[in-house]
There are 2 protein chains.
Amino acid sequence: MEKRIKIAVDAMGGDYAPGEIVKGAVEAARKFGVEIMLVGTQDKVAAELAKENVSGLAVSIVDAPEVITNEEEPAFAVMRKRKSSIAVCATMVKKGEADAMLSAGSTGAVMVAGLQYVGPLPGIDRPMMGGAFLQLAPKTIVLDLGANVGVQPYHLVDFAVAGSVYARTFLGIENPTVGLLNVGAEEGKGNDLTKEAYSLLKKSGLNFIGNVEGHDIPFSRVNVIVCDGFVGNILVKFCEGLGRVVSKWLGGELKGKMADKDIETVTSKIYRLLSPGEAAGGGPMWGVNGVVAKAHGRSQAAQITGAIDQARQAVESGFVPQLAAELEKVKGKISAG
Amino acid sequence: MEKRIKIAVDAMGGDYAPGEIVKGAVEAARKFGVEIMLVGTQDKVAAELAKENVSGLAVSIVDAPEVITNEEEPAFAVMRKRKSSIAVCATMVKKGEADAMLSAGSTGAVMVAGLQYVGPLPGIDRPMMGGAFLQLAPKTIVLDLGANVGVQPYHLVDFAVAGSVYARTFLGIENPTVGLLNVGAEEGKGNDLTKEAYSLLKKSGLNFIGNVEGHDIPFSRVNVIVCDGFVGNILVKFCEGLGRVVSKWLGGELKGKMADKDIETVTSKIYRLLSPGEAAGGGPMWGVNGVVAKAHGRSQAAQITGAIDQARQAVESGFVPQLAAELEKVKGKISAG
């Protein structure tokens, strides 16, 4: 019999915790045959679990007696509170008691947990964040999206490796193209960071196609786009605002020209297409020595189930060892010049 | 009798030169009572001018015997060819033979002409580019939009001053708010550049409201937003691509649900609202010691007429001396700490 994949789920993180987290996790156990360990305040989790039918499923509770309150800065609290649900999850991954963890807590808290309790991948300074942030371009991965502000040229190479492995593993793109986000297409354009990163990427052995520009993102002209987290963060948040403003504008513009329910459909669609939403807020954290997955803070049960499935796929596909191997290979090529 | 404002118009720059440029300039002479000096290859300009009715208008031709060919890099060619139309225009401004100049040539060429032949404003290293690049947010000025990549903190102060004077002069905003584009709202966020710029802006005496984030652009939460030209360029080009992809998507989505002509209307509108287009490609160049205005390369007669009107307003409102005075005042405040 195949070994069940074990996933530690932070039952206390996210806007709808613990109810929706528990519900979504139980559904994942049923649907994907994974073993779920719900980590949180024992009695609260037990109360939610009592509402679910878990017969025949591998679902258990792991008590995490320390609670992170709303008054605390989450990343800092995770660092101090080793018995908080998110810290316990990460420690279970580190010890091999879980194959992966999932939390819908704050990004900063998940990053700290990954870095402090699981540890970084060899050769990585700190975790990265990325994804297909623009849903109009669902196969164009941009990173870093804000975890790393003020990077060095070699960080952009790390991002390129992580994005390439992600595109291969999760999007099934065999030899993903990599572009360097810049102010012009020609080599030699840009600031000191991009100029130096260009020459490193050329030597990396990755499928580097050179500089790409802002318009190449919506046009999906490349699979992986790397940039400093400063730029990525501005882009993601710009789209967040744009999605709201554009969908509202469109609703007003179409008023009276189409049935109201059709207007509702098209405005929600455009909102989703422009909003980074799930894509930017979820997925495995890159550059941590274990599968540390993050779900969007607004996740309800269905999104939690989906995020657990992603974490399962990350374990099954060997995302982390592949990333480690690819990083080593690329660094070797660059050193060899 | 009031002195006529004299404007040197580069008749040879832009996609529709010289025909549309001449036509638009003659119309400006008629509409606004300005004196137009058409600068270009004598016989070509004369041939176009012969098609227009100029009776009673102050329109003349100034020969510029050197021609910039398509094979040349325009900015470099302008630097070498002192008798090219764009260089002659700028020299006329420098000598006081014209109160302002307008060109629909390449941005780089106009910048070089402004810098080399007119000269920078005292205390300014190089010209800036900015505008309300997102037409969904027509009263939110963002700069720099790509002329200055890899700036120092004090450049962001220059941008803030230029944007404030522009907002006051052209948008009639009395005490424009200024925001620093950053990855978080709190002071202390960001990279070295934004951290240092924050403390300079606080001392500047401008109406500085602190950090703003990507979503504050579409929400028009502030009048002037300053950023490194790297970020500005990525944003502008991102929108260029987005305008095309979104309008095309919307056309497909609405197909069959509305009359075709209504679909055409709404898709063109959304394209314009998202595209930086005219706003980013035109207007006075900021930080040059004279009114050097740029029209979009795609400008036809009507846009040229409009751009000449803008140049006229810049002269009448004293945009350049106001900017010089404000720069001096702000620098004084910052030095005083």
# chains A, B, ... in the order shown; residues from 1 in each chain; ligands from 1

call {"tool": "closest_atom_pairs", "arguments": {"of": "chain B", "to": "chain A", "cutoff": "7 Å", "atoms": "only C-alpha atoms", "output": "Markdown table"}}
result
| residue | atom | partner | partner_atom | distance |
| --- | --- | --- | --- | --- |
| B:Val149 | CA | A:Asn191 | CA | 6.2 |
| B:Gly150 | CA | A:Asn191 | CA | 5.5 |
| B:Val183 | CA | A:Asn233 | CA | 6.1 |
| B:Gly190 | CA | A:Val149 | CA | 6.7 |
| B:Asn191 | CA | A:Gly150 | CA | 5.5 |
| B:Glu213 | CA | A:Ile234 | CA | 6.5 |
| B:Gly214 | CA | A:Phe238 | CA | 3.9 |
| B:His215 | CA | A:Gly241 | CA | 4.1 |
| B:Asp216 | CA | A:Gly241 | CA | 7.0 |
| B:Ile217 | CA | A:Phe238 | CA | 6.8 |
| B:Pro218 | CA | A:Leu242 | CA | 5.5 |
| B:Phe219 | CA | A:Gly241 | CA | 6.4 |
| B:Phe230 | CA | A:Val183 | CA | 6.3 |
| B:Val231 | CA | A:Val231 | CA | 6.1 |
| B:Asn233 | CA | A:Val183 | CA | 6.1 |
| B:Ile234 | CA | A:Gly214 | CA | 4.6 |
| B:Leu235 | CA | A:Gly214 | CA | 6.5 |
| B:Lys237 | CA | A:Gly214 | CA | 4.6 |
| B:Phe238 | CA | A:Gly214 | CA | 3.9 |
| B:Cys239 | CA | A:His215 | CA | 6.9 |
| B:Glu240 | CA | A:His215 | CA | 6.1 |
| B:Gly241 | CA | A:His215 | CA | 4.1 |
| B:Leu242 | CA | A:Pro218 | CA | 5.5 |
| B:Val245 | CA | A:Pro218 | CA | 6.6 |
| B:Lys257 | CA | A:Met258 | CA | 6.8 |
| B:Met258 | CA | A:Met258 | CA | 6.4 |

call {"tool": "residues_around", "arguments": {"residues": "B:Phe319", "least_positions_apart": "2", "cutoff": "10 Å", "atoms": "only C-alpha atoms", "output": "NGL selection string"}}
result
:B and (162 or 165-166 or 168-170 or 284 or 286 or 290-291 or 311 or 313-317 or 321-325)

call {"tool": "residues_around", "arguments": {"residues": "A:Asn223", "least_positions_apart": "6", "cutoff": "9 Å", "atoms": "only C-alpha atoms", "output": "NGL selection string"}}
result
:A and (139-142 or 163-164 or 167 or 173 or 176-179)

call {"tool": "closest_residue", "arguments": {"among": "A:Asn289, A:Thr69, A:Asn207, A:Ser275", "to": "A:Lys94", "atoms": "only C-alpha atoms"}}
result
A:Asn289

call {"tool": "residues_around", "arguments": {"residues": "stretch 84-90 of chain A", "least_positions_apart": "2", "cutoff": "7 Å", "atoms": "only C-alpha atoms", "output": "list in words"}}
result
Ala8, Val9, Asp10, Met12, Val39, Gly40, Ala64, Pro65, Glu66, Val67, Ile68, Val78, Lys81, Arg82, Met92, Val93, Lys94, Met101, Ser103, Ala113, Gly114, Tyr117 and Val118 of chain A

call {"tool": "atom_distance", "arguments": {"atom1": "atom CA of A:Arg126", "atom2": "atom CA of A:Tyr198"}}
result
21.3 Å

call {"tool": "select_by_dssp", "arguments": {"residues": "stretch 110-255 of chain B", "states": "strand (DSSP E or B)", "output": "number ranges by chain"}}
result
B: 120, 128, 130-131, 141-143, 177-181, 207-212, 224-226, 255

call {"tool": "select_by_dssp", "arguments": {"residues": "stretch 31-238 of chain B", "states": "helix (DSSP H, G or I)", "output": "VMD selection string"}}
result
chain B and resid 31 to 32 42 to 49 74 to 80 85 to 95 107 to 118 153 to 171 192 to 203 214 to 216 229 to 238

call {"tool": "residues_around", "arguments": {"residues": "stretch 301-308 of chain B", "least_positions_apart": "2", "cutoff": "10 Å", "atoms": "only C-alpha atoms", "output": "number ranges by chain"}}
result
B: 7-9, 16-17, 19-32, 34, 36, 100-104, 278, 282-284, 293-296, 298-299, 310-314
